Structure formats: C-alpha cells, structure tokens
Protein chains: 2
Amino acid sequence: MHRQISNYLMDKISSGAWPPGMRLAPQRELCRQFGVNRSTVVTALGQLSALGLIEGRRGGGTRVAEVQAAADEAVSSPDPARTDLLPVPSAGSWNAYVEEGVHYPNLPTVQDINRLEYEQGLIRLGTGEPAPELLPGSAMTRVLAELSRQTLPPLSYEEPLGSPGLRSAVSRELAKNGIQADPDSILITSGALQGLQLIAVGLLPRGSTILLEKPSYLYSIHAFQSAGVKFSGLPMDEQGLQMDGLAREARRSKAAMLYSIPSFHNPTGVLMNAKRRQELMEVTGQLGLPILEDGAYQELWLDTPPPPPLKALDREGRVLHLGTLSKAASPGLRIGWIVGPEPVVRRLADIKMQTDYGASSLSQLAAARWLEGGYHEEHLQHLRARLRKRRDAVLDLLQRHFTGLAAWNVPAGGFYIWLSLDKPVPLRTLFRTAHKAGLLLNTGDLYDRGDNRHLRLSYVYASPAELELGLPLLAGLIRKLQQPGV
Amino acid sequence: MHRQISNYLMDKISSGAWPPGMRLAPQRELCRQFGVNRSTVVTALGQLSALGLIEGRRGGGTRVAEVQAAADEAVSSPDPARTDLLPVPSAGSWNAYVEEGVHYPNLPTVQDINRLEYEQGLIRLGTGEPAPELLPGSAMTRVLAELSRQTLPPLSYEEPLGSPGLRSAVSRELAKNGIQADPDSILITSGALQGLQLIAVGLLPRGSTILLEKPSYLYSIHAFQSAGVKFSGLPMDEQGLQMDGLAREARRSKAAMLYSIPSFHNPTGVLMNAKRRQELMEVTGQLGLPILEDGAYQELWLDTPPPPPLKALDREGRVLHLGTLSKAASPGLRIGWIVGPEPVVRRLADIKMQTDYGASSLSQLAAARWLEGGYHEEHLQHLRARLRKRRDAVLDLLQRHFTGLAAWNVPAGGFYIWLSLDKPVPLRTLFRTAHKAGLLLNTGDLYDRGDNRHLRLSYVYASPAELELGLPLLAGLIRKLQQPGV
C-alpha cells in the first residue's frame, strides 16, 4: 500500500507535474485522498525523503526537493522496477513565477469556494448559480437536436462583435426591457464576467477610480484591481445606491465610471426604484460620468417586473449595459453581452479578439436558437414560479431560526438574501467552522473587505431539504461564535 | 432617400450609439453602405450639420458634435415626426476612454485583417484557419446529435481546470505524442490564444523578457506586451531556432521564459528537427529557463509525423505545452489546453476563473465526445490528404509565378509557406494595393516589425480556384511595387 503511494508521488515528481519547491498537501489530506491511515502515508513520505526527492522545511510543510537525488541513489528505490528516477537539475522552480504575474490571485476565501464547490456533500448556502435541476436541461436538449438537424454547425470563428444571428436575437430581447440597441452596438462576450474584464483593461487607465455600491459583487473579483483601477464604495439604502454625496465623491476621486447593479443587487438583493434610477441618471449626467450597469438579474423578477434598466433611460450613450444568459438559462454556455456606443464596443471587441478570439461559436448558435425559439421566455416563467417558492421557504426558515439573531430583506427578485447579523462575528472563523460542519458560505467580507456581520444567502442552489438542514445549523454556529469569550 | 439616411444617422446619434466626438465613416464609405450616390449623402449630412448634430473638423473628418443642438432647434428636424432630438449635454465623450485602457489595441494591419475577413469577395491568401469546407461539418453534426440524445447537457459551470471528461480525453491524446500528463496537469482554455494571455498576466512580472523565434506569430498579438513583457527575438534557420547565442542572450536579458513553435512554425512553416530539440532542452536546462511550447500545429504533419514535442523530452516540469482543437477541427469551438506543473496550471486556472469563469461547457462536452468518439483521428487523416493536395498546388503556382521574384520553403506540415521576396517592398503599401485588387494579405511585418520582404502564404483557406487567380495577381503587384521609381 505504501509502495503504491510512494510510486504515485514519485510519478508526480519525476514527470515534473510537481516541480521542485512545490509544497505537498498536509498528511491528513493525503490520508483522505488515498483512503489510508496516517502511518502508511508517513512510511511513503519517509521513503521519498530518504531518496532526497522531498524535504521538510521548518514551518513550511513538506516540499519537493529543489536539488534532487543523484542517479546512484535511485537504485535504492522502494520499487526496484522503476528506472526513471534520474537526477533532476535544480532548474527553474516555478514558485517565483506563480507569485509574480501581473494579475492578482483570487481572494483566499474565493479560492476556497471555487475549490470546495466541487467537494461532494457540502450544503452550499450562498452559491450564485441555479441548482442543476432548475436549469432547462430538456429544453436545451431540444435546442441541440434542432441544431444537429442543420446541415452545417458553425465551426469557424465568428465576427469580432459576435455572431450576427445572436446579436439580432439579443437586440430583440433588450427591446422588451426598453433598450433600443441595434446589433452593431452589441458585443457578445464569454459571460458577463469577461465583459467586466474587457472594460477593466480596455477603457480605464491605471490609477483611475470607479464608484460602486458597497457592498458589491465587484469587490469579490479582481478584474479591476488587477488593471490598477481603484474602488470608491458608496452607501446603499433600501431603494439602492444613495444619492447624497455621490457628486461630491465623484469630483473628489475624479471618478472615471460608476458601476451599479440596480436590479436585484448582488449581494444585497436590493431593487433600485424608478425614482432613484431617474435621479442617478440626472446626477451622473450633470457630472458627465459614464455608468456601467450590470443587468445580470434584471429579468429574474419574482413578483412584478422591475423598472426599466438605466440603459433604457440613456439618451447620450453614457451607459454600458451588461447582460448574460448565465443566471437564468445556463452558466455553462458562457454567453453574455455588452451594449454601448459603437466605438466602445469595437474597442472592446478588438481586445476580445486578442484575449480569446471570440466566444464559442457553438454556444453562440445554441444561445441564438434558445432566444429566437421562445425557449428562454417559456423557461423564465417556470423558473420564476419555482424561485418564488424557494424564496418563500427560505424566508420561513429565517423567521423560525434567525429571529433575534439577524435581520434580512425580502428580495423581489434575483438570487440573494442579505443576512445582517445583530452582533459581529469573525467571518473567516465562521467560514471554516461552517465548512467543518458541511456548509459552504459566502461571507460578507467577500463583498466589503471590512464587513464582519453579513452573509449572502442564496435560495437558488441548495435543495429545499438541504436548506432545512443547513440554515438551523448555521444559526447554531453563529450563536456559538457570538458567545462571550469565544 | 436622403431623409431615410438622415433619420438613420439621427437614430444613431440620439440613441447614443454614436457618442459625441465619434468620427463618422468617410462619405464614400456611407455611399457604399446605403447604396446611394454622393450627392444624397451630402444632402443628408448637411441636414444633420444644420441641426448641430455633427460638425466638420479640419483634418479630422466629420464627427458627432460634442455639444449638441438646443431643444428649440430640434423642431426644424427634416422629419417633423421626430421628437426625440432633445439636447444632449456635453457629457462623457468616450474618446478618451477608448484610447486609455491598459490593454494595447491590435496592430492597425491586424485590425484591418480582422475587419476585412468579413468583407465578401476578398481572396484571403494568408489566413491561418482552414476554409469552412475543410472543417468537419457533418461529423460535428453527428456529435451534436449524440449529445442531444443524452438526457441532460451540461448547463452549469465546470471545474476551474475544465471538465474532467475533456481533460481525460486530452490526456489520452497527448500520450499519443509522447506527453505523459494526467488530468490534474491540464487546464482547458478558451482556445490556445487565451492560454498565452493567462501566462502573460499570470506568470510574468512587468518588465520581464521572453526569448522567441524571429519572426514569430507572437509578434502579431499583444497579450505579452500589454502585460509589460518584452521580447527578444532569436534567429532561425531551416532546422528551427538557432542555438548559437541563445545562452548569451538569455543571460544578457535575464530571460524569464522561451517561447517556441517547434512544429510547423507560424509564420515560417519550419519544422525543428529532433537533434535541435534535444539541444534546445539541454541548453535551456543548463540555464534553468522555462519553455512555453506552442504545439498548435503538431498534429498537422503532411508527410511524416514530426519528432516528439519538447514537452515529451521534459523531465523537470520545465515546459508548458499549449495545444488546441482550433487548427484541425474547429476554430469556433474555442477549445485549447495548457499542460504544465500542477501549481502552475492551478495559478492559471484561478485567473481564468476571474477572466471568463471557464470555457463553454457545451464546447467542452462536444470536444470530449469529438476526441473520445474517434472523430478527431478520422478527420485528421482526411484533412492531411486534402492539405497535401492544396500545398502541392500552391507550390506549383509559386513555381510558375514567383520564380525569379521570391524564394520559399516546402512545408512538411502546418498551414504556411513563408515567401521571401528577392527585393524589399513597402509592405503597408502592398497590403493596401492588394486589398484594392481584392486580395487580403498577411504581410511579414506582422511577425517581425522590421520586416519588408516576406509574406505569410496559407494554403488552407482560399479555394484552389481563388489561389490560381490570386497568386499571379499578387506576383504582378509585387513586380510593380519593386519597379524603380515607384
């Protein structure tokens, strides 16, 4: 058994998949991975260490050795059949490279979440994507069948702005929300996140500032910060971004742009009302301040449709509007769009061509058929009914288990409930404690670095049964952490 | 007629699609676009100018006015039915934004090419993608039909490294070329270009230098330069990158990495032989210099398989290997991969999650089925036979029309013939003259800024009939430009 493990590890090292200096997973992680007890792992590691292939470092765990065993030592391999353990020169360790690139790594919590989302058995209480059973699997199967009856699927590149068919379909969708945009004003992106990335590197010089709601989804990603763009967060109330102080802060910070999620804000679920939208357009109009409107949740209303998007109020081409199919229909298609003045979308298309040479033609074709064939509208109606039920069930659970512990909003759409704890808790500790208890959380500090009393809850991912199990469990963990002396 | 045109233009301006300060297309371009004569366009523009919506600038063509007509002027609109021409404040012009982003725009010639590739009727003599009729349309239709018979297509996000099914399939493909890489060492990218982009921003600090062949495809894109990375080009011969001076230049420039396309180099078509590959691994091994191997054309051999890729010779995890389905199977799927040490691909996956949250799940599913179902291998065999024919036909045409005018190589695979003109020509002029004559060219300056005597010819895009028409025409244009006094 220990020989199997040491062979596995030697393969990793001799093939270079684990380069010199790479830190090995902790022993308990290796035990879990191989399904063996600690002594087996210790024996295997001891063999590698004796060969000079790995080395312990004070405070640094076990790492692949920088200068590895000489050839003559390889004969003492625990498996005499192995002849591939020749010496490895102390060539380029990748450690420095991995740490030196221009682009920031994700926040540690985001890295944890991205990894843990693929760990089986965790109850995901904050995930911002619909559960697979809410996605339109059978309808998309019908779309694929339609496509397979076409004689030739699109295997070539599409135009820089995206396929004309999909841009026309998106143009018609936008018109339903009051946005008049012809296909030349629309850039198809590989998801709305890529839209943010393109704007970050394509329109803003290093050192510029964008205003945004605080908290905001934008704090949880590094698209703008990696491009050297600074954030200035503005307070929100129940009608959305507050107007007081916006103009002053815009002037003080010489803001280059304002980012807002007016409909069903991520993470707070807040819906900006019509009056506030009008005010926002007026105030920013006087400032000549461009707006980046994130419309990802616009169509996911549950009770009544939201007021028209900011882009529908825009007569100057001052608003860039982001949309996506990821939230309602299919995250995996990776199809989003940017609507804006033609010179702007052309500039962004040029960068997109340098970044990935366009979104998947197959995804674009499926998305166009999805919209044009009426599948999307039909799916949205079913989805809204199901999300309403889920939202109400979670609100019930909160009433039962979080009264006296937290306050929350009643979202009129989108995916999220913003849970405001009555007393602060150490959020990283809560995250880790919850993980040990089988819960995966999106803590408030992801959306506002200084936060210590919020959680983003989602009613769209965990199943009703999981929510019924998970939410009381969460309440208990929070109570425990809030006890004096903990 | 002129009223229709002025209404169209007013729509563009009043909706903000054409923002203040945007330059209008030249009059002859508008004539072409609307299919009218110049006087109609002049009348329409005159009306807009009278309304203060556009203004001429000395040397700057016609632009959308920065401060637009006052409301009372709008009543004199040429179409009295229009009431939407209210005044536009001199708000954020986007001009500065479009010019200020961190990411460089494409080279002017590349921008021209990206745009002109969608212009009908041009003969594309240098395009680096197979003609639609060489792509496996009917086989991909069978793949889609297979997928539509599955009960649930993947609509959710995939793991950060990409779908496990596709990574396993890629791992088996790589093994055929002698590369042992298990799925944990493979990152699926949205095309190989995205792989370059991720490496540029993820592994290299600003100011670092990479060595590369000169000329190189890499000079034609801005992934690395936009990340502040410098290039140091090394000379090639018929066996590939020359070894003399490599070590010296690596030390002098403190090179962080070497980029190479050893198999069927883009743009020269050169195949690095086995001995040179061995030498390259040895020299760079002594330097501890990581290698970025672009294997895009590896499988597109025409006569005999090339020597194993550099990654197959790598025992230290010193080589990152890029592969793609774009060259042989489908550019539009946007599926590529990076093979490398696990900490490196994990770092790059983390940035990919911040960039576009993964490649299209639908594309990944189709790609996995494409590889696993044996479609790829079968397609490659057909494709090689057809490319061989096309290559030989182009070599014949060159013999007939370019003897005494240029020299060229006989490529053993890939897409390209590197045409070396006996005398220099002004390449931008040649590009423009050729465009007027209906030819789209990839000139040598795209791949080596200082070049003035090369063209990248491709035998994979233009049809045999187009090549027979286009190549003699090109020879004539070159002769004319080389005449003394031109």
# chains A, B, ... in the order shown; residues from 1 in each chain; ligands from 1

$ residues_around --residues "Asp314 (chain B)" --least-positions-apart "5" --cutoff "12 Å" --atoms "only C-alpha atoms" --output "MDAnalysis selection string"
(chainID A and resid 13:17 19 88:89 91) or (chainID B and resid 178:181 277:278 280:282 284:285 290:293 308:309 319:321 339:341)

$ write_last_selection --atoms "N, CA and C atoms" --output "tab-separated table (two decimals), in the first residue's frame"
chain	number	residue	atom	x	y	z
A	13	ILE	N	6.54	13.62	-9.22
A	13	ILE	CA	7.78	14.38	-9.13
A	13	ILE	C	8.64	14.17	-10.37
A	14	SER	N	8.74	12.89	-10.82
A	14	SER	CA	9.65	12.62	-11.94
A	14	SER	C	9.10	13.18	-13.24
A	15	SER	N	7.79	13.32	-13.35
A	15	SER	CA	7.23	13.87	-14.59
A	15	SER	C	7.27	15.39	-14.59
A	16	GLY	N	7.61	15.98	-13.45
A	16	GLY	CA	7.63	17.44	-13.39
A	16	GLY	C	6.26	18.04	-13.08
A	17	ALA	N	5.23	17.18	-12.93
A	17	ALA	CA	3.92	17.72	-12.59
A	17	ALA	C	3.97	18.42	-11.23
A	19	PRO	N	6.73	20.29	-9.43
A	19	PRO	CA	8.08	20.80	-9.65
A	19	PRO	C	8.82	21.05	-8.35
A	88	VAL	N	17.42	15.26	-11.28
A	88	VAL	CA	16.79	16.42	-11.88
A	88	VAL	C	17.63	17.63	-11.53
A	89	PRO	N	18.09	18.37	-12.52
A	89	PRO	CA	18.88	19.55	-12.19
A	89	PRO	C	18.02	20.56	-11.42
A	91	ALA	N	16.69	23.14	-11.86
A	91	ALA	CA	16.26	24.09	-12.88
A	91	ALA	C	15.19	25.00	-12.32
B	178	GLY	N	3.62	11.24	-26.97
B	178	GLY	CA	4.70	11.02	-26.02
B	178	GLY	C	4.66	11.90	-24.79
B	179	ILE	N	3.59	12.66	-24.62
B	179	ILE	CA	3.48	13.51	-23.44
B	179	ILE	C	2.66	12.80	-22.37
B	180	GLN	N	3.31	12.53	-21.22
B	180	GLN	CA	2.60	11.91	-20.10
B	180	GLN	C	2.09	13.03	-19.20
B	181	ALA	N	0.79	13.25	-19.21
B	181	ALA	CA	0.23	14.32	-18.38
B	181	ALA	C	-1.10	13.84	-17.84
B	277	ARG	N	15.87	19.90	-31.15
B	277	ARG	CA	15.01	19.88	-29.96
B	277	ARG	C	15.79	19.43	-28.73
B	278	GLN	N	16.61	18.40	-28.95
B	278	GLN	CA	17.43	17.90	-27.85
B	278	GLN	C	18.38	18.99	-27.35
B	280	LEU	N	18.06	22.18	-27.65
B	280	LEU	CA	17.31	23.26	-27.01
B	280	LEU	C	16.98	22.89	-25.56
B	281	MET	N	16.59	21.63	-25.35
B	281	MET	CA	16.28	21.20	-23.99
B	281	MET	C	17.53	21.25	-23.12
B	282	GLU	N	18.68	20.87	-23.71
B	282	GLU	CA	19.91	20.86	-22.91
B	282	GLU	C	20.36	22.27	-22.55
B	284	THR	N	18.67	25.10	-22.51
B	284	THR	CA	17.77	25.79	-21.59
B	284	THR	C	17.76	25.12	-20.22
B	285	GLY	N	18.04	23.80	-20.20
B	285	GLY	CA	18.12	23.09	-18.91
B	285	GLY	C	19.27	23.64	-18.07
B	290	PRO	N	12.57	28.21	-18.26
B	290	PRO	CA	11.31	27.55	-18.66
B	290	PRO	C	10.99	27.80	-20.13
B	291	ILE	N	10.28	26.85	-20.70
B	291	ILE	CA	9.91	26.93	-22.12
B	291	ILE	C	8.39	26.93	-22.23
B	292	LEU	N	7.90	27.78	-23.12
B	292	LEU	CA	6.49	27.76	-23.48
B	292	LEU	C	6.43	27.22	-24.90
B	293	GLU	N	5.96	25.99	-25.03
B	293	GLU	CA	5.92	25.31	-26.33
B	293	GLU	C	4.52	25.44	-26.92
B	308	PRO	N	8.93	14.06	-31.46
B	308	PRO	CA	8.09	14.34	-30.28
B	308	PRO	C	8.23	15.80	-29.83
B	309	PRO	N	7.17	16.34	-29.27
B	309	PRO	CA	7.22	17.72	-28.78
B	309	PRO	C	8.25	17.87	-27.66
B	319	VAL	N	8.64	22.64	-19.06
B	319	VAL	CA	7.97	23.05	-20.30
B	319	VAL	C	6.46	23.19	-20.05
B	320	LEU	N	5.91	24.35	-20.46
B	320	LEU	CA	4.46	24.48	-20.56
B	320	LEU	C	4.12	24.22	-22.02
B	321	HIS	N	3.12	23.38	-22.23
B	321	HIS	CA	2.78	22.97	-23.60
B	321	HIS	C	1.37	23.44	-23.92
B	339	VAL	N	-0.63	22.38	-20.69
B	339	VAL	CA	-0.11	21.28	-19.88
B	339	VAL	C	1.08	21.80	-19.12
B	340	GLY	N	1.12	21.59	-17.82
B	340	GLY	CA	2.26	22.07	-17.05
B	340	GLY	C	2.20	21.54	-15.63
B	341	PRO	N	3.21	21.94	-14.83
B	341	PRO	CA	3.21	21.52	-13.42
B	341	PRO	C	1.91	21.95	-12.74

$ select_by_dssp --residues "region 159-298 of chain B" --states "helix (DSSP H, G or I)" --output "ChimeraX atom specification"
/B:164-176,183-185,192-202,217-220,223-226,246-252,274-287

$ residues_around --residues "Ser326 (chain B)" --least-positions-apart "6" --cutoff "7 Å" --atoms "only C-alpha atoms" --output "VMD selection string"
chain B and resid 191 334 to 335

$ select_by_dssp --residues "region 3-248 of chain B" --states "strand (DSSP E)" --output "PyMOL selection string"
chain B and resi 54-57+61-64+123-124+186-189+209-213+230-234+236-237+240-241

$ residues_around --residues "Val344 (chain A)" --least-positions-apart "5" --cutoff "10 Å" --atoms "only C-alpha atoms" --output "list of chain:residue names"
A:Ser185, A:Ile186, A:Leu187, A:Ile199, A:Gly202, A:Leu203, A:Gly317, A:Leu320, A:Ile338, A:Val339, A:Ala349, A:Asp350, B:Ala17, B:Trp18, B:Pro19, B:Trp94, B:Asn95, B:Tyr97, B:Val98, B:Glu99

$ closest_residue --among "A:Leu53, A:Ala131, A:Ala44, A:Leu122" --to "chain B" --atoms "only C-alpha atoms"
A:Ala131

$ closest_atom_pairs --of "region 179-230 of chain B" --to "region 234-258 of chain B" --cutoff "6 Å" --atoms "only C-alpha atoms" --output "Markdown table"
| residue | atom | partner | partner_atom | distance |
| --- | --- | --- | --- | --- |
| B:Thr209 | CA | B:Ala255 | CA | 4.9 |
| B:Ile210 | CA | B:Met257 | CA | 4.9 |
| B:Leu211 | CA | B:Leu258 | CA | 4.6 |
| B:Leu212 | CA | B:Leu258 | CA | 5.7 |
| B:Glu213 | CA | B:Leu234 | CA | 5.0 |
| B:Lys214 | CA | B:Leu234 | CA | 5.4 |

$ write_last_selection --atoms "N, CA, C and O atoms" --output "compact mmCIF listing (two decimals), in the first residue's frame"
# COMPACT_ATOMS: atom_id res chain seq x y z
N THR B 209 11.45 39.51 -19.67
CA THR B 209 11.73 39.31 -21.10
C THR B 209 11.47 37.87 -21.48
O THR B 209 11.82 36.96 -20.73
N ILE B 210 10.85 37.65 -22.63
CA ILE B 210 10.84 36.29 -23.15
C ILE B 210 11.59 36.24 -24.47
O ILE B 210 11.54 37.16 -25.29
N LEU B 211 12.32 35.13 -24.62
CA LEU B 211 13.01 34.87 -25.87
C LEU B 211 12.04 34.18 -26.82
O LEU B 211 11.17 33.43 -26.36
N LEU B 212 12.22 34.42 -28.09
CA LEU B 212 11.33 33.76 -29.05
C LEU B 212 11.98 33.74 -30.43
O LEU B 212 12.96 34.46 -30.67
N GLU B 213 11.43 32.91 -31.29
CA GLU B 213 11.91 32.90 -32.67
C GLU B 213 11.51 34.22 -33.34
O GLU B 213 10.49 34.80 -33.02
N LYS B 214 12.34 34.66 -34.28
CA LYS B 214 12.03 35.86 -35.02
C LYS B 214 12.18 35.52 -36.49
O LYS B 214 13.27 35.13 -36.88

$ closest_residue --among "B:Asn7, B:Ser330, B:Ser226, B:Gln298" --to "chain A" --atoms "only C-alpha atoms"
B:Ser330

$ closest_residue --among "B:Gln150, B:Ser463, B:Asn273, B:Asn266" --to "chain A" --atoms "only C-alpha atoms"
B:Gln150

$ atom_distance --atom1 "CA of Glu29 (chain A)" --atom2 "CA of Ile5 (chain A)"
13.2 Å

$ decode --residues "region 172-219 of chain B" --atoms "C-alpha atoms" --output "compact mmCIF listing (two decimals), in the first residue's frame"
# COMPACT_ATOMS: atom_id res chain seq x y z
CA ARG B 172 -5.00 10.35 -23.86
CA GLU B 173 -4.42 12.47 -26.98
CA LEU B 174 -1.21 13.85 -25.52
CA ALA B 175 0.04 10.35 -24.74
CA LYS B 176 -0.05 9.61 -28.49
CA ASN B 177 2.61 12.32 -28.88
CA GLY B 178 4.70 11.02 -26.02
CA ILE B 179 3.48 13.51 -23.44
CA GLN B 180 2.60 11.91 -20.10
CA ALA B 181 0.23 14.32 -18.38
CA ASP B 182 -2.51 13.35 -16.07
CA PRO B 183 -5.72 15.39 -15.97
CA ASP B 184 -4.57 17.40 -12.92
CA SER B 185 -1.77 18.84 -15.07
CA ILE B 186 -4.12 20.03 -17.79
CA LEU B 187 -6.03 23.32 -17.91
CA ILE B 188 -8.73 23.71 -20.55
CA THR B 189 -8.65 27.17 -22.10
CA SER B 190 -10.96 29.07 -24.44
CA GLY B 191 -8.55 28.49 -27.31
CA ALA B 192 -4.74 28.47 -27.21
CA LEU B 193 -4.70 32.28 -27.51
CA GLN B 194 -6.29 32.51 -24.09
CA GLY B 195 -3.55 30.23 -22.80
CA LEU B 196 -0.97 32.79 -23.92
CA GLN B 197 -2.98 35.57 -22.32
CA LEU B 198 -3.20 33.72 -18.99
CA ILE B 199 0.52 33.01 -18.96
CA ALA B 200 1.27 36.65 -19.82
CA VAL B 201 -0.68 38.03 -16.88
CA GLY B 202 -0.31 35.08 -14.53
CA LEU B 203 3.35 34.11 -14.51
CA LEU B 204 5.46 37.04 -15.65
CA PRO B 205 6.12 40.26 -13.77
CA ARG B 206 6.12 43.53 -15.70
CA GLY B 207 9.44 44.21 -17.32
CA SER B 208 10.44 40.57 -17.79
CA THR B 209 11.73 39.31 -21.10
CA ILE B 210 10.84 36.29 -23.15
CA LEU B 211 13.01 34.87 -25.87
CA LEU B 212 11.33 33.76 -29.05
CA GLU B 213 11.91 32.90 -32.67
CA LYS B 214 12.03 35.86 -35.02
CA PRO B 215 9.76 36.09 -36.96
CA SER B 216 7.00 34.74 -34.75
CA TYR B 217 3.24 34.68 -34.52
CA LEU B 218 3.69 36.12 -31.03
CA TYR B 219 4.77 39.47 -32.51
